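**Q** Okay, so here is entry13.cif, and as you'll see once you scroll down, it has mmCIF, C-alpha atoms.
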```cif
data_coords
#
loop_
_atom_site.group_PDB
_atom_site.id
_atom_site.type_symbol
_atom_site.label_atom_id
_atom_site.label_comp_id
_atom_site.auth_asym_id
_atom_site.auth_seq_id
_atom_site.Cartn_x
_atom_site.Cartn_y
_atom_site.Cartn_z
ATOM 1 C CA MET A 1 0.251 0.184 -10.023
ATOM 2 C CA PRO A 2 -3.471 -0.113 -9.210
ATOM 3 C CA TYR A 3 -4.540 -0.228 -5.553
ATOM 4 C CA SER A 4 -7.353 -2.408 -4.259
ATOM 5 C CA ILE A 5 -7.176 -1.508 -0.550
ATOM 6 C CA VAL A 6 -6.082 1.368 1.700
ATOM 7 C CA THR A 7 -5.345 0.396 5.298
ATOM 8 C CA VAL A 8 -4.928 3.022 8.024
ATOM 9 C CA GLY A 9 -3.501 2.398 11.483
ATOM 10 C CA THR A 10 -3.513 4.774 14.430
ATOM 11 C CA SER A 11 -3.773 4.998 18.195
ATOM 12 C CA TRP A 12 -3.463 7.971 20.564
ATOM 13 C CA GLY A 13 -4.609 11.164 18.809
ATOM 14 C CA GLY A 14 -6.023 9.170 15.930
ATOM 15 C CA LEU A 15 -9.515 10.603 15.900
ATOM 16 C CA SER A 16 -8.460 14.139 14.977
ATOM 17 C CA ALA A 17 -5.834 12.844 12.524
ATOM 18 C CA MET A 18 -8.332 10.587 10.769
ATOM 19 C CA MET A 19 -10.943 13.338 10.649
ATOM 20 C CA LYS A 20 -8.450 15.521 8.780
ATOM 21 C CA LEU A 21 -7.311 12.706 6.477
ATOM 22 C CA LEU A 22 -10.781 11.391 5.622
ATOM 23 C CA GLY A 23 -12.272 14.875 5.472
ATOM 24 C CA GLY A 24 -9.947 15.619 2.560
ATOM 25 C CA LEU A 25 -11.256 12.748 0.422
ATOM 26 C CA PRO A 26 -14.243 12.956 -1.948
ATOM 27 C CA GLU A 27 -17.442 10.950 -1.633
ATOM 28 C CA LYS A 28 -16.519 8.845 -4.656
ATOM 29 C CA PHE A 29 -12.981 7.956 -3.559
ATOM 30 C CA PRO A 30 -12.462 4.789 -5.618
ATOM 31 C CA ILE A 31 -10.601 2.538 -3.164
ATOM 32 C CA PRO A 32 -12.019 0.866 -0.026
ATOM 33 C CA ILE A 33 -10.434 2.124 3.217
ATOM 34 C CA VAL A 34 -10.021 -0.001 6.343
ATOM 35 C CA VAL A 35 -9.225 1.863 9.571
ATOM 36 C CA VAL A 36 -7.748 0.227 12.671
ATOM 37 C CA GLN A 37 -7.617 2.394 15.783
ATOM 38 C CA HIS A 38 -6.699 1.123 19.233
ATOM 39 C CA ARG A 39 -9.514 1.576 21.734
ATOM 40 C CA SER A 40 -10.868 -0.084 24.844
ATOM 41 C CA LYS A 41 -12.560 -3.460 24.367
ATOM 42 C CA ASP A 42 -15.927 -2.156 25.537
ATOM 43 C CA SER A 43 -16.002 0.844 23.160
ATOM 44 C CA ASP A 44 -19.269 1.468 21.335
ATOM 45 C CA LYS A 45 -19.736 2.574 17.711
ATOM 46 C CA LEU A 46 -19.106 6.237 18.497
ATOM 47 C CA LEU A 47 -15.803 6.277 16.550
ATOM 48 C CA ALA A 48 -17.568 5.496 13.257
ATOM 49 C CA GLN A 49 -20.241 8.101 14.011
ATOM 50 C CA LEU A 50 -17.658 10.814 14.752
ATOM 51 C CA LEU A 51 -15.729 10.016 11.573
ATOM 52 C CA GLN A 52 -18.949 10.120 9.555
ATOM 53 C CA ASP A 53 -19.506 13.680 10.745
ATOM 54 C CA ALA A 54 -16.101 14.649 9.283
ATOM 55 C CA THR A 55 -16.213 13.067 5.816
ATOM 56 C CA ALA A 56 -18.361 12.716 2.704
ATOM 57 C CA LEU A 57 -17.348 9.052 2.506
ATOM 58 C CA THR A 58 -19.646 6.375 3.922
ATOM 59 C CA VAL A 59 -18.350 5.201 7.316
ATOM 60 C CA CYS A 60 -19.382 1.907 8.880
ATOM 61 C CA GLU A 61 -18.177 -0.277 11.718
ATOM 62 C CA ILE A 62 -17.165 -3.651 10.343
ATOM 63 C CA GLU A 63 -19.298 -6.733 10.824
ATOM 64 C CA ASP A 64 -17.965 -10.178 9.943
ATOM 65 C CA LYS A 65 -17.918 -10.874 6.177
ATOM 66 C CA ASP A 66 -18.760 -7.290 5.178
ATOM 67 C CA ALA A 67 -17.956 -6.584 1.523
ATOM 68 C CA LEU A 68 -15.202 -4.057 0.826
ATOM 69 C CA CYS A 69 -16.711 -1.102 -1.031
ATOM 70 C CA ALA A 70 -15.237 1.913 -2.800
ATOM 71 C CA GLY A 71 -16.202 5.214 -1.204
ATOM 72 C CA THR A 72 -16.466 3.497 2.178
ATOM 73 C CA VAL A 73 -14.422 3.673 5.371
ATOM 74 C CA HIS A 74 -14.604 0.318 7.157
ATOM 75 C CA VAL A 75 -13.781 0.827 10.863
ATOM 76 C CA ALA A 76 -12.388 -2.126 12.834
ATOM 77 C CA PRO A 77 -14.628 -2.875 15.833
ATOM 78 C CA ALA A 78 -13.330 -2.957 19.384
ATOM 79 C CA ASN A 79 -11.914 -6.238 20.716
ATOM 80 C CA TYR A 80 -11.658 -8.010 17.315
ATOM 81 C CA HIS A 81 -8.804 -8.433 14.865
ATOM 82 C CA THR A 82 -9.790 -7.440 11.320
ATOM 83 C CA LEU A 83 -8.544 -9.605 8.453
ATOM 84 C CA ILE A 84 -8.618 -8.568 4.807
ATOM 85 C CA GLU A 85 -9.908 -11.238 2.445
ATOM 86 C CA PRO A 86 -10.447 -10.987 -1.342
ATOM 87 C CA GLY A 87 -13.338 -8.530 -1.574
ATOM 88 C CA TYR A 88 -14.431 -8.644 2.069
ATOM 89 C CA VAL A 89 -13.317 -8.415 5.710
ATOM 90 C CA SER A 90 -13.548 -10.963 8.498
ATOM 91 C CA LEU A 91 -13.235 -10.720 12.269
ATOM 92 C CA THR A 92 -11.354 -12.946 14.717
ATOM 93 C CA THR A 93 -10.908 -13.073 18.493
ATOM 94 C CA GLU A 94 -7.395 -14.493 18.492
ATOM 95 C CA GLU A 95 -5.010 -13.300 21.217
ATOM 96 C CA PRO A 96 -4.027 -9.602 21.280
ATOM 97 C CA VAL A 97 -0.869 -8.683 19.374
ATOM 98 C CA ARG A 98 1.408 -6.183 21.122
ATOM 99 C CA PHE A 99 -1.363 -5.897 23.729
ATOM 100 C CA SER A 100 -3.779 -4.747 21.014
ATOM 101 C CA ARG A 101 -6.990 -6.178 19.597
ATOM 102 C CA PRO A 102 -7.629 -4.908 17.007
ATOM 103 C CA SER A 103 -3.994 -5.028 15.934
ATOM 104 C CA ILE A 104 -2.748 -2.838 13.097
ATOM 105 C CA ASP A 105 0.018 -5.346 12.308
ATOM 106 C CA VAL A 106 -2.533 -8.148 11.860
ATOM 107 C CA THR A 107 -4.721 -6.139 9.477
ATOM 108 C CA PHE A 108 -1.813 -4.748 7.457
ATOM 109 C CA ALA A 109 -0.192 -8.184 7.086
ATOM 110 C CA SER A 110 -3.447 -9.821 5.970
ATOM 111 C CA ALA A 111 -4.063 -7.014 3.454
ATOM 112 C CA ALA A 112 -0.563 -7.455 2.042
ATOM 113 C CA ASP A 113 -0.952 -11.232 1.793
ATOM 114 C CA THR A 114 -4.296 -10.833 0.011
ATOM 115 C CA TYR A 115 -3.658 -7.863 -2.294
ATOM 116 C CA ARG A 116 0.163 -7.797 -2.395
ATOM 117 C CA SER A 117 1.326 -4.863 -4.581
ATOM 118 C CA GLU A 118 -2.235 -3.482 -4.641
ATOM 119 C CA THR A 119 -2.037 -2.619 -0.908
ATOM 120 C CA LEU A 120 -1.491 0.877 0.464
ATOM 121 C CA GLY A 121 -0.789 1.258 4.188
ATOM 122 C CA ILE A 122 -0.868 4.477 6.215
ATOM 123 C CA ILE A 123 0.468 4.977 9.754
ATOM 124 C CA LEU A 124 -0.777 7.950 11.772
ATOM 125 C CA THR A 125 -0.162 9.247 15.295
ATOM 126 C CA GLY A 126 0.038 6.746 18.146
ATOM 127 C CA ALA A 127 1.682 5.832 21.435
ATOM 128 C CA ASN A 128 3.101 2.389 20.643
ATOM 129 C CA GLU A 129 4.871 0.556 17.812
ATOM 130 C CA ASP A 130 1.941 -1.475 16.430
ATOM 131 C CA GLY A 131 1.781 -1.136 12.658
ATOM 132 C CA ALA A 132 5.511 -0.906 11.949
ATOM 133 C CA ARG A 133 5.888 -4.625 11.221
ATOM 134 C CA GLY A 134 2.677 -4.679 9.232
ATOM 135 C CA LEU A 135 3.766 -1.739 7.084
ATOM 136 C CA ALA A 136 7.106 -3.443 6.450
ATOM 137 C CA HIS A 137 5.177 -6.526 5.328
ATOM 138 C CA ILE A 138 3.139 -4.418 2.890
ATOM 139 C CA LEU A 139 6.294 -3.112 1.258
ATOM 140 C CA ARG A 140 7.849 -6.584 1.132
ATOM 141 C CA ARG A 141 4.794 -7.674 -0.860
ATOM 142 C CA GLY A 142 5.302 -4.774 -3.282
ATOM 143 C CA GLY A 143 2.765 -2.339 -1.801
ATOM 144 C CA ARG A 144 3.216 1.278 -0.767
ATOM 145 C CA GLY A 145 3.521 2.919 2.642
ATOM 146 C CA LEU A 146 2.676 6.442 3.787
ATOM 147 C CA ILE A 147 3.579 7.709 7.263
ATOM 148 C CA GLN A 148 2.438 10.844 9.053
ATOM 149 C CA ASP A 149 5.402 13.101 9.743
ATOM 150 C CA PRO A 150 6.094 12.605 13.474
ATOM 151 C CA LYS A 151 6.457 16.389 13.821
ATOM 152 C CA THR A 152 2.747 16.710 12.969
ATOM 153 C CA ALA A 153 1.631 13.772 15.160
ATOM 154 C CA GLU A 154 -0.012 14.249 18.542
ATOM 155 C CA ILE A 155 2.108 11.311 19.759
ATOM 156 C CA PRO A 156 5.101 10.495 17.492
ATOM 157 C CA ILE A 157 5.973 7.005 18.790
ATOM 158 C CA MET A 158 3.959 5.076 16.186
ATOM 159 C CA PRO A 159 5.125 7.012 13.098
ATOM 160 C CA ASP A 160 8.713 7.065 14.413
ATOM 161 C CA ALA A 161 8.666 3.263 14.739
ATOM 162 C CA ALA A 162 7.208 2.920 11.231
ATOM 163 C CA ILE A 163 9.914 5.163 9.741
ATOM 164 C CA LYS A 164 12.630 3.053 11.391
ATOM 165 C CA ALA A 165 11.050 -0.185 10.173
ATOM 166 C CA VAL A 166 10.193 1.079 6.671
ATOM 167 C CA PRO A 167 12.687 3.737 5.546
ATOM 168 C CA ALA A 168 11.371 3.448 1.966
ATOM 169 C CA ALA A 169 7.898 4.693 2.959
ATOM 170 C CA GLU A 170 6.819 8.254 2.150
ATOM 171 C CA VAL A 171 6.719 10.591 5.163
ATOM 172 C CA LEU A 172 4.157 13.377 4.794
ATOM 173 C CA LYS A 173 2.655 16.095 6.955
ATOM 174 C CA LEU A 174 -0.851 15.244 8.116
ATOM 175 C CA GLY A 175 -2.359 17.841 5.791
ATOM 176 C CA ASP A 176 -0.549 16.357 2.777
ATOM 177 C CA LEU A 177 -1.801 12.787 3.205
ATOM 178 C CA ALA A 178 -5.255 13.249 1.644
ATOM 179 C CA PRO A 179 -3.891 15.056 -1.454
ATOM 180 C CA ARG A 180 -1.319 12.272 -1.898
ATOM 181 C CA LEU A 181 -4.035 9.618 -1.612
ATOM 182 C CA LEU A 182 -6.097 11.472 -4.202
ATOM 183 C CA GLN A 183 -3.106 11.599 -6.535
ATOM 184 C CA LEU A 184 -2.501 7.874 -6.132
ATOM 185 C CA SER A 185 -6.195 7.116 -6.717
ATOM 186 C CA ARG A 186 -6.153 9.168 -9.928
ATOM 187 C CA ASP A 187 -3.089 7.237 -11.071
ATOM 188 C CA ASN A 188 -5.081 4.124 -10.162
ATOM 189 C CA THR A 189 -7.978 5.159 -12.400
ATOM 190 C CA LYS A 190 -5.741 6.027 -15.340
ATOM 191 C CA LEU A 191 -3.964 2.688 -15.104
ATOM 192 C CA ALA A 192 -7.261 0.809 -14.907
ATOM 193 C CA GLN A 193 -8.502 2.639 -18.003
ATOM 194 C CA ARG A 194 -5.317 1.816 -19.933
ATOM 195 C CA THR A 195 -5.572 -1.831 -18.873
ATOM 196 C CA ALA A 196 -9.184 -2.021 -20.025
ATOM 197 C CA VAL A 197 -8.418 -0.694 -23.513
#
```
Go ahead and render the structure in this file as structure tokens.

**A**
Amino acid sequence: MPYSIVTVGTSWGGLSAMMKLLGGLPEKFPIPIVVVQHRSKDSDKLLAQLLQDATALTVCEIEDKDALCAGTVHVAPANYHTLIEPGYVSLTTEEPVRFSRPSIDVTFASAADTYRSETLGIILTGANEDGARGLAHILRRGGRGLIQDPKTAEIPIMPDAAIKAVPAAEVLKLGDLAPRLLQLSRDNTKLAQRTAV
């Protein structure tokens, strides 16, 4: 199945986890990536800058109506929910969900509703249960879920909650997530080539 979007959700300990995940992906990774990390509402753009230092991918903090681009990591800004639309992202200031804005659940659910089986969701380390419902929604729409093995998470609460909510998701050590994403993206390319013929 081809994938049109990769969504990543994380909280406590997420910076180091994302640096390892994104650092293992090539500059020309063919699927847009949207990252939602919990942070204080007055955070600046330092998260995107730190991630850029760790990866060959282009990293940018999302602005409303930004186009989704392959080879790009789109980072949800502080104090906004990020919604996935066909080919672009939008921002809203609706009420926090599970005390979080941005909310992983909101982004994952909107990605699943937009891209259905072409959605891939990843849950990393974190200290609350945001993301579990959203990942379940992705799988209900026919998409795929990957979860960081709680044993390799700085804080296991978020991946533990995702495993309970989505037992069909793949659970992988942090170091195995990038290779698995690369494998899925190669499968993506092969399928696209077969479809085009």

**Q** One number please: CA of Thr92 in chain A to CA of Ala112 in chain A, in Å, one decimal.

**A**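 Answer for the CA of Thr92 in chain A to CA of Ala112 in chain A separation: 17.5 Å.
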
**Q** What is the CA of Arg144 in chain A to CA of Ser40 in chain A distance in Å?

**A**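 The value is 29.3 Å.
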
**Q** Could you put an axis-aligned box around every listed atom of range 104-115 of chain A, padded by 8 Å on each side, and send me its centre and edge lengths in Å to one decimal, as lines of an AutoDock Vina configuration file?

**A**
```
center_x = -2.4
center_y = -7.0
center_z = 5.4
size_x = 20.7
size_y = 24.4
size_z = 31.4
```

**Q** For Val35 in chain A, list every protein, DNA or RNA residue within 8 Å, evaluated using all atoms listed in the file, and leave out those in the same chain fewer than 5 positions away; present the list as a list in words.

**A**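 Near Val35 in chain A, the qualifying residues are Thr7, Val8, Gly9, Val73, His74, Val75 and Ala76 of chain A.
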
**Q** For Pro77 in chain A, which residue among A:Ala165, A:Val97, A:Ile5, A:Ile62 is the nearest when counting only C-alpha atoms?

**A**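 Of all the options, A:Ile62 lies closest to Pro77 in chain A.
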
**Q** Using the chain letters and numbers from the file, which residues does the PyMOL selection byres ((chain A and resi 20) around 10) grab, as a list of chain:residue names?

**A**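 The output of the PyMOL selection byres ((chain A and resi 20) around 10) on this file is A:Gly14, A:Leu15, A:Ser16, A:Ala17, A:Met18, A:Met19, A:Leu21, A:Leu22, A:Gly23, A:Gly24, A:Leu25, A:Leu51, A:Ala54, A:Thr55, A:Leu174, A:Gly175, A:Asp176, A:Leu177, A:Ala178.
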
**Q** Compute the distance from (9.7, 4.4, 6.8) to each atom, counting only C-alpha atoms, keep the residues with any atom at most 9 Å away, and return them as an MDAnalysis selection string; use the coordinates of the file.

**A** chainID A and resid 132 135:136 145:147 159:171

**Q** Report, in Å to a single decimal, how far apart CA of Lys173 in chain A and CA of Trp12 in chain A are.

**A**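 Distance reported for this atom pair: 17.0 Å.
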